[in-house]
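Data from final_15.cif: mmCIF, C-alpha atoms
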data_query
loop_
_atom_site.group_PDB
_atom_site.id
_atom_site.type_symbol
_atom_site.label_atom_id
_atom_site.label_comp_id
_atom_site.auth_asym_id
_atom_site.auth_seq_id
_atom_site.Cartn_x
_atom_site.Cartn_y
_atom_site.Cartn_z
ATOM 1 C CA MET A 1 -19.704 -14.648 17.816
ATOM 2 C CA ALA A 2 -21.295 -13.107 14.718
ATOM 3 C CA ASN A 3 -18.698 -10.343 14.714
ATOM 4 C CA ASP A 4 -15.941 -12.941 15.117
ATOM 5 C CA THR A 5 -17.225 -14.793 12.050
ATOM 6 C CA ARG A 6 -17.447 -11.592 10.030
ATOM 7 C CA THR A 7 -13.930 -10.562 11.033
ATOM 8 C CA ARG A 8 -12.581 -14.015 10.195
ATOM 9 C CA ILE A 9 -14.159 -13.881 6.746
ATOM 10 C CA LEU A 10 -12.694 -10.426 6.101
ATOM 11 C CA GLU A 11 -9.218 -11.389 7.300
ATOM 12 C CA THR A 12 -9.233 -14.587 5.259
ATOM 13 C CA THR A 13 -10.364 -12.743 2.141
ATOM 14 C CA GLY A 14 -7.640 -10.131 2.599
ATOM 15 C CA LEU A 15 -4.973 -12.795 2.920
ATOM 16 C CA LEU A 16 -6.182 -14.747 -0.105
ATOM 17 C CA LEU A 17 -6.436 -11.612 -2.235
ATOM 18 C CA ARG A 18 -2.825 -10.714 -1.475
ATOM 19 C CA GLN A 19 -1.730 -14.238 -2.347
ATOM 20 C CA ARG A 20 -3.955 -15.021 -5.328
ATOM 21 C CA GLY A 21 -5.531 -11.816 -6.598
ATOM 22 C CA TYR A 22 -9.172 -11.145 -7.424
ATOM 23 C CA HIS A 23 -9.746 -13.874 -10.013
ATOM 24 C CA GLY A 24 -7.733 -16.452 -8.073
ATOM 25 C CA THR A 25 -9.873 -16.041 -4.953
ATOM 26 C CA SER A 26 -13.233 -17.802 -5.007
ATOM 27 C CA LEU A 27 -15.982 -17.951 -2.417
ATOM 28 C CA ASN A 28 -15.178 -21.622 -1.921
ATOM 29 C CA ASN A 29 -11.555 -20.676 -1.158
ATOM 30 C CA ILE A 30 -12.762 -18.122 1.383
ATOM 31 C CA LEU A 31 -15.211 -20.528 3.004
ATOM 32 C CA GLY A 32 -12.649 -23.318 3.159
ATOM 33 C CA ALA A 33 -9.877 -21.180 4.636
ATOM 34 C CA SER A 34 -12.105 -19.301 7.102
ATOM 35 C CA GLY A 35 -14.202 -22.262 8.206
ATOM 36 C CA ALA A 36 -17.310 -20.083 7.970
ATOM 37 C CA PRO A 37 -20.642 -21.595 6.865
ATOM 38 C CA ARG A 38 -21.900 -20.407 3.478
ATOM 39 C CA GLY A 39 -25.019 -19.029 5.145
ATOM 40 C CA SER A 40 -22.925 -16.867 7.456
ATOM 41 C CA LEU A 41 -20.988 -15.436 4.541
ATOM 42 C CA TYR A 42 -24.139 -14.354 2.733
ATOM 43 C CA PHE A 43 -25.670 -13.120 5.993
ATOM 44 C CA HIS A 44 -22.775 -10.730 6.547
ATOM 45 C CA PHE A 45 -22.068 -10.063 2.868
ATOM 46 C CA PRO A 46 -25.270 -10.406 0.843
ATOM 47 C CA GLY A 47 -23.445 -8.976 -2.178
ATOM 48 C CA GLY A 48 -21.149 -12.008 -2.209
ATOM 49 C CA LYS A 49 -17.575 -11.913 -3.410
ATOM 50 C CA ASP A 50 -17.626 -8.401 -4.842
ATOM 51 C CA GLN A 51 -18.958 -6.872 -1.632
ATOM 52 C CA LEU A 52 -16.345 -8.780 0.344
ATOM 53 C CA VAL A 53 -13.461 -7.754 -1.883
ATOM 54 C CA ILE A 54 -14.557 -4.115 -1.934
ATOM 55 C CA GLU A 55 -14.780 -3.970 1.862
ATOM 56 C CA VAL A 56 -11.438 -5.712 2.337
ATOM 57 C CA THR A 57 -9.769 -3.435 -0.204
ATOM 58 C CA ARG A 58 -11.262 -0.328 1.388
ATOM 59 C CA ASN A 59 -9.973 -1.428 4.801
ATOM 60 C CA SER A 60 -6.521 -2.226 3.394
ATOM 61 C CA VAL A 61 -6.256 1.133 1.664
ATOM 62 C CA ALA A 62 -7.317 2.956 4.834
ATOM 63 C CA ASP A 63 -4.738 1.040 6.880
ATOM 64 C CA VAL A 64 -1.845 1.752 4.491
ATOM 65 C CA THR A 65 -2.901 5.401 4.154
ATOM 66 C CA LYS A 66 -2.956 5.811 7.944
ATOM 67 C CA ARG A 67 0.449 4.190 8.441
ATOM 68 C CA LEU A 68 2.018 6.158 5.591
ATOM 69 C CA GLY A 69 0.634 9.431 6.923
ATOM 70 C CA GLU A 70 1.912 8.652 10.414
ATOM 71 C CA ALA A 71 5.377 7.734 9.115
ATOM 72 C CA LEU A 72 5.649 10.985 7.175
ATOM 73 C CA ALA A 73 4.335 13.079 10.080
ATOM 74 C CA ALA A 74 6.728 11.491 12.568
ATOM 75 C CA GLU A 75 9.807 13.033 10.926
ATOM 76 C CA SER A 76 10.435 16.662 10.027
ATOM 77 C CA ASP A 77 12.986 15.497 7.461
ATOM 78 C CA PRO A 78 11.176 13.664 4.632
ATOM 79 C CA ALA A 79 14.377 11.899 3.599
ATOM 80 C CA VAL A 80 14.516 10.233 7.014
ATOM 81 C CA ALA A 81 10.811 9.412 6.838
ATOM 82 C CA VAL A 82 11.185 7.834 3.399
ATOM 83 C CA HIS A 83 14.129 5.756 4.566
ATOM 84 C CA HIS A 84 12.060 4.491 7.498
ATOM 85 C CA ILE A 85 9.201 3.598 5.145
ATOM 86 C CA TYR A 86 11.472 1.442 2.990
ATOM 87 C CA GLN A 87 12.871 -0.235 6.097
ATOM 88 C CA SER A 88 9.338 -0.912 7.320
ATOM 89 C CA VAL A 89 8.407 -2.500 3.994
ATOM 90 C CA GLY A 90 11.526 -4.661 4.181
ATOM 91 C CA ARG A 91 10.605 -5.839 7.680
ATOM 92 C CA MET A 92 7.031 -6.556 6.617
ATOM 93 C CA LEU A 93 8.236 -8.770 3.770
ATOM 94 C CA GLU A 94 10.649 -10.628 6.004
ATOM 95 C CA ASP A 95 8.039 -11.064 8.739
ATOM 96 C CA ASN A 96 5.558 -12.700 6.348
ATOM 97 C CA ASP A 97 8.300 -14.845 4.793
ATOM 98 C CA PHE A 98 8.044 -12.934 1.494
ATOM 99 C CA SER A 99 4.553 -14.289 0.856
ATOM 100 C CA LEU A 100 2.674 -10.968 0.884
ATOM 101 C CA GLY A 101 3.321 -7.589 -0.697
ATOM 102 C CA CYS A 102 1.128 -4.600 -1.467
ATOM 103 C CA PRO A 103 -2.494 -5.382 -0.508
ATOM 104 C CA ILE A 104 -3.985 -3.931 -3.675
ATOM 105 C CA ALA A 105 -1.369 -4.767 -6.322
ATOM 106 C CA PRO A 106 -2.755 -8.285 -6.999
ATOM 107 C CA VAL A 107 -6.221 -6.798 -7.457
ATOM 108 C CA VAL A 108 -4.915 -4.141 -9.860
ATOM 109 C CA LEU A 109 -3.004 -6.747 -11.890
ATOM 110 C CA ASP A 110 -6.206 -8.770 -12.272
ATOM 111 C CA SER A 111 -7.856 -5.700 -13.878
ATOM 112 C CA PRO A 112 -11.320 -6.112 -12.321
ATOM 113 C CA THR A 113 -12.876 -3.506 -14.624
ATOM 114 C CA ASP A 114 -16.229 -5.265 -14.355
ATOM 115 C CA VAL A 115 -16.372 -4.086 -10.728
ATOM 116 C CA PRO A 116 -16.164 -0.284 -11.136
ATOM 117 C CA GLU A 117 -16.169 0.474 -7.395
ATOM 118 C CA LEU A 118 -13.184 -1.812 -6.876
ATOM 119 C CA ALA A 119 -11.273 -0.295 -9.795
ATOM 120 C CA GLU A 120 -11.954 3.186 -8.415
ATOM 121 C CA LEU A 121 -10.749 2.152 -4.953
ATOM 122 C CA CYS A 122 -7.435 0.995 -6.401
ATOM 123 C CA ARG A 123 -6.992 4.129 -8.488
ATOM 124 C CA SER A 124 -7.814 6.333 -5.523
ATOM 125 C CA ALA A 125 -5.403 4.417 -3.273
ATOM 126 C CA PHE A 126 -2.376 5.245 -5.388
ATOM 127 C CA GLU A 127 -3.565 8.816 -5.753
ATOM 128 C CA GLN A 128 -3.766 9.140 -1.945
ATOM 129 C CA TRP A 129 -0.379 7.525 -1.283
ATOM 130 C CA ILE A 130 1.421 9.550 -3.939
ATOM 131 C CA GLY A 131 -0.379 12.654 -2.670
ATOM 132 C CA LEU A 132 0.793 12.108 0.910
ATOM 133 C CA LEU A 133 4.387 11.778 -0.237
ATOM 134 C CA ARG A 134 4.131 14.826 -2.487
ATOM 135 C CA GLN A 135 2.675 16.931 0.339
ATOM 136 C CA ALA A 136 5.517 15.921 2.673
ATOM 137 C CA PHE A 137 8.091 16.935 0.086
ATOM 138 C CA VAL A 138 6.374 20.249 -0.623
ATOM 139 C CA ARG A 139 6.227 21.025 3.118
ATOM 140 C CA ALA A 140 9.989 20.527 3.224
ATOM 141 C CA GLY A 141 10.460 23.080 0.464
ATOM 142 C CA VAL A 142 10.660 20.911 -2.644
ATOM 143 C CA PRO A 143 9.016 22.631 -5.648
ATOM 144 C CA GLU A 144 5.619 21.150 -6.542
ATOM 145 C CA ARG A 145 6.629 19.605 -9.848
ATOM 146 C CA ARG A 146 9.770 17.956 -8.415
ATOM 147 C CA ALA A 147 7.819 16.838 -5.350
ATOM 148 C CA HIS A 148 5.259 15.050 -7.524
ATOM 149 C CA ALA A 149 7.978 13.324 -9.545
ATOM 150 C CA LEU A 150 9.755 12.196 -6.366
ATOM 151 C CA ALA A 151 6.485 10.906 -4.899
ATOM 152 C CA LEU A 152 5.878 8.859 -8.055
ATOM 153 C CA LEU A 153 9.419 7.520 -7.850
ATOM 154 C CA VAL A 154 9.025 6.447 -4.217
ATOM 155 C CA GLU A 155 5.675 4.745 -4.727
ATOM 156 C CA SER A 156 6.602 2.997 -7.962
ATOM 157 C CA SER A 157 9.940 1.795 -6.595
ATOM 158 C CA LEU A 158 8.281 0.398 -3.483
ATOM 159 C CA GLU A 159 5.745 -1.500 -5.569
ATOM 160 C CA GLY A 160 8.449 -2.935 -7.810
ATOM 161 C CA LEU A 161 10.763 -3.738 -4.919
ATOM 162 C CA MET A 162 8.067 -5.758 -3.175
ATOM 163 C CA VAL A 163 7.855 -7.965 -6.267
ATOM 164 C CA ILE A 164 11.647 -8.307 -6.516
ATOM 165 C CA ALA A 165 12.001 -9.076 -2.805
ATOM 166 C CA ARG A 166 9.317 -11.760 -3.002
ATOM 167 C CA ALA A 167 10.963 -13.321 -6.053
ATOM 168 C CA THR A 168 14.437 -13.326 -4.507
ATOM 169 C CA ARG A 169 13.241 -13.879 -0.927
ATOM 170 C CA ASP A 170 15.582 -11.108 0.123
ATOM 171 C CA ARG A 171 14.836 -7.673 1.559
ATOM 172 C CA GLY A 172 18.320 -6.499 0.585
ATOM 173 C CA PRO A 173 17.169 -4.749 -2.620
ATOM 174 C CA VAL A 174 14.637 -2.733 -0.611
ATOM 175 C CA LEU A 175 17.339 -1.486 1.752
ATOM 176 C CA VAL A 176 19.772 -0.651 -1.060
ATOM 177 C CA VAL A 177 17.188 1.447 -2.892
ATOM 178 C CA ALA A 178 16.147 3.058 0.415
ATOM 179 C CA ASP A 179 19.586 4.678 0.665
ATOM 180 C CA GLU A 180 19.502 5.921 -2.928
ATOM 181 C CA VAL A 181 15.986 7.334 -2.796
ATOM 182 C CA ALA A 182 16.524 8.974 0.599
ATOM 183 C CA ALA A 183 19.629 10.659 -0.839
ATOM 184 C CA LEU A 184 17.587 11.970 -3.778
ATOM 185 C CA VAL A 185 14.953 13.377 -1.443
ATOM 186 C CA GLU A 186 17.640 14.992 0.700
ATOM 187 C CA GLN A 187 19.200 16.603 -2.388
ATOM 188 C CA ALA A 188 15.803 17.897 -3.520
ATOM 189 C CA VAL A 189 15.127 19.433 -0.098
ATOM 190 C CA LEU A 190 18.573 21.072 -0.066
ATOM 191 C CA ALA A 191 18.096 22.404 -3.596
ATOM 192 C CA GLY A 192 14.779 23.902 -2.540
ATOM 193 C CA LYS A 193 16.418 25.670 0.382
ATOM 194 C CA VAL A 194 19.188 27.054 -1.826
ATOM 195 C CA ALA A 195 16.644 28.316 -4.363
ATOM 196 C CA ARG A 196 14.609 30.039 -1.640
ATOM 197 C CA GLN A 197 17.720 31.690 -0.202
ATOM 198 C CA ALA A 198 18.699 32.923 -3.663
ATOM 199 C CA ASP A 199 15.219 34.358 -4.190
ATOM 200 C CA SER A 200 15.368 36.108 -0.790
ATOM 201 C CA ALA A 201 18.761 37.627 -1.589
ATOM 202 C CA ALA A 202 17.687 38.862 -4.998
#
Step by step, read the file and then write its structure as structure tokens.
Amino acid sequence: MANDTRTRILETTGLLLRQRGYHGTSLNNILGASGAPRGSLYFHFPGGKDQLVIEVTRNSVADVTKRLGEALAAESDPAVAVHHIYQSVGRMLEDNDFSLGCPIAPVVLDSPTDVPELAELCRSAFEQWIGLLRQAFVRAGVPERRAHALALLVESSLEGLMVIARATRDRGPVLVVADEVAALVEQAVLAGKVARQADSAA
């Protein structure tokens, strides 16, 4: 029962953070939405709101990192993997009725610089996600510098597209950009192969 209460508090906090951000989510909001007694909240999270938000954010980052890594590892062709990632994001938005996007974006936009551990978690999250994409592109033969630029493009476009899709209540923009970005990745991989063949022939 105690674990159920703790899990319910964490899940409720995660949902509210994605909807309202750090400053828009209060302990009263969490207690009201979760139905947990105040004493239970402080029993499980003696550090209060900041401890809760840090744990939820850490869990969210770990979940996205795992799913991104699996998606990239599932395909030998990173262009195909990237296309699948965009499609997955589109489905996620449609499934939650365009009410939820990136789990950490609302926290970042609230600039919680007074909670250094939280700010570091958010910074590290983007570094990990961009790094996973870059590594996949490099493995496919894309030069390091181009791979990093492409990884930044993918991550930044996904973040922006989630906002656009929520505003328009339409996953169409995500799917349109998926085709364009996948084509760019495919071209970069092909260019890498051509460059390697030229170097081998020289």
Can you spell out as a PDB file with C-alpha atoms, in the coordinates of the input the set of residues that the PyMOL selection byres ((chain A and resi 83) around 12) selects in the structure I just provided?
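Output (part_23.pdb):
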ATOM      1  CA  ALA A  71       5.377   7.734   9.115  1.00  0.00           C
ATOM      2  CA  LEU A  72       5.649  10.985   7.175  1.00  0.00           C
ATOM      3  CA  GLU A  75       9.807  13.033  10.926  1.00  0.00           C
ATOM      4  CA  ASP A  77      12.986  15.497   7.461  1.00  0.00           C
ATOM      5  CA  PRO A  78      11.176  13.664   4.632  1.00  0.00           C
ATOM      6  CA  ALA A  79      14.377  11.899   3.599  1.00  0.00           C
ATOM      7  CA  VAL A  80      14.516  10.233   7.014  1.00  0.00           C
ATOM      8  CA  ALA A  81      10.811   9.412   6.838  1.00  0.00           C
ATOM      9  CA  VAL A  82      11.185   7.834   3.399  1.00  0.00           C
ATOM     10  CA  HIS A  84      12.060   4.491   7.498  1.00  0.00           C
ATOM     11  CA  ILE A  85       9.201   3.598   5.145  1.00  0.00           C
ATOM     12  CA  TYR A  86      11.472   1.442   2.990  1.00  0.00           C
ATOM     13  CA  GLN A  87      12.871  -0.235   6.097  1.00  0.00           C
ATOM     14  CA  SER A  88       9.338  -0.912   7.320  1.00  0.00           C
ATOM     15  CA  VAL A  89       8.407  -2.500   3.994  1.00  0.00           C
ATOM     16  CA  GLY A  90      11.526  -4.661   4.181  1.00  0.00           C
ATOM     17  CA  VAL A 154       9.025   6.447  -4.217  1.00  0.00           C
ATOM     18  CA  LEU A 158       8.281   0.398  -3.483  1.00  0.00           C
ATOM     19  CA  VAL A 174      14.637  -2.733  -0.611  1.00  0.00           C
ATOM     20  CA  LEU A 175      17.339  -1.486   1.752  1.00  0.00           C
ATOM     21  CA  VAL A 176      19.772  -0.651  -1.060  1.00  0.00           C
ATOM     22  CA  VAL A 177      17.188   1.447  -2.892  1.00  0.00           C
ATOM     23  CA  ALA A 178      16.147   3.058   0.415  1.00  0.00           C
ATOM     24  CA  ASP A 179      19.586   4.678   0.665  1.00  0.00           C
ATOM     25  CA  GLU A 180      19.502   5.921  -2.928  1.00  0.00           C
ATOM     26  CA  VAL A 181      15.986   7.334  -2.796  1.00  0.00           C
ATOM     27  CA  ALA A 182      16.524   8.974   0.599  1.00  0.00           C
ATOM     28  CA  ALA A 183      19.629  10.659  -0.839  1.00  0.00           C
ATOM     29  CA  LEU A 184      17.587  11.970  -3.778  1.00  0.00           C
ATOM     30  CA  VAL A 185      14.953  13.377  -1.443  1.00  0.00           C
ATOM     31  CA  GLU A 186      17.640  14.992   0.700  1.00  0.00           C
TER      32      GLU A 186
END
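Between atom CA of Val53 of chain A and atom CA of Ile104 of chain A the interatomic distance comes to 10.4 Å.
Going from atom CA of Leu16 of chain A over to atom CA of Ile30 of chain A, you cover 7.5 Å.
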Would you translate the PyMOL selection byres ((chain A and resi 31-33) around 12) into the concrete set of residues it matches in this file, as number ranges by chain? A: 5-6, 8-16, 25-30, 34-42, 48-49
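Considering the residues A:Trp129, A:Asp114, A:Pro173, A:Arg145 and counting only C-alpha atoms, Glu70 of chain A has its shortest atom-to-atom contact with A:Trp129.
Relative to atom CA of Gln187 of chain A, atom CA of Leu153 of chain A is found at 14.4 Å.
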Take the PyMOL selection byres ((chain A and resi 101) around 12), apply it to the structure above, and return the hits as a ChimeraX atom specification. /A:14-21,60,64,89-100,102-107,158-167,169,171
For a quick check of understanding, using only C-alpha atoms, which of A:Leu150, A:Ala198, A:Ala62, A:Val56 has the smallest distance to Thr7 of chain A? A:Val56
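In terms of minimum interatomic distance to Ile130 of chain A, A:Thr65 ranks closest within A:Val142, A:Ala195, A:Thr65, A:Ala188, counting only C-alpha atoms.
Considering only C-alpha atoms, the residue among A:Gly192, A:Gly69, A:Pro116, A:Gly47 positioned nearest to Gly141 of chain A is A:Gly192.
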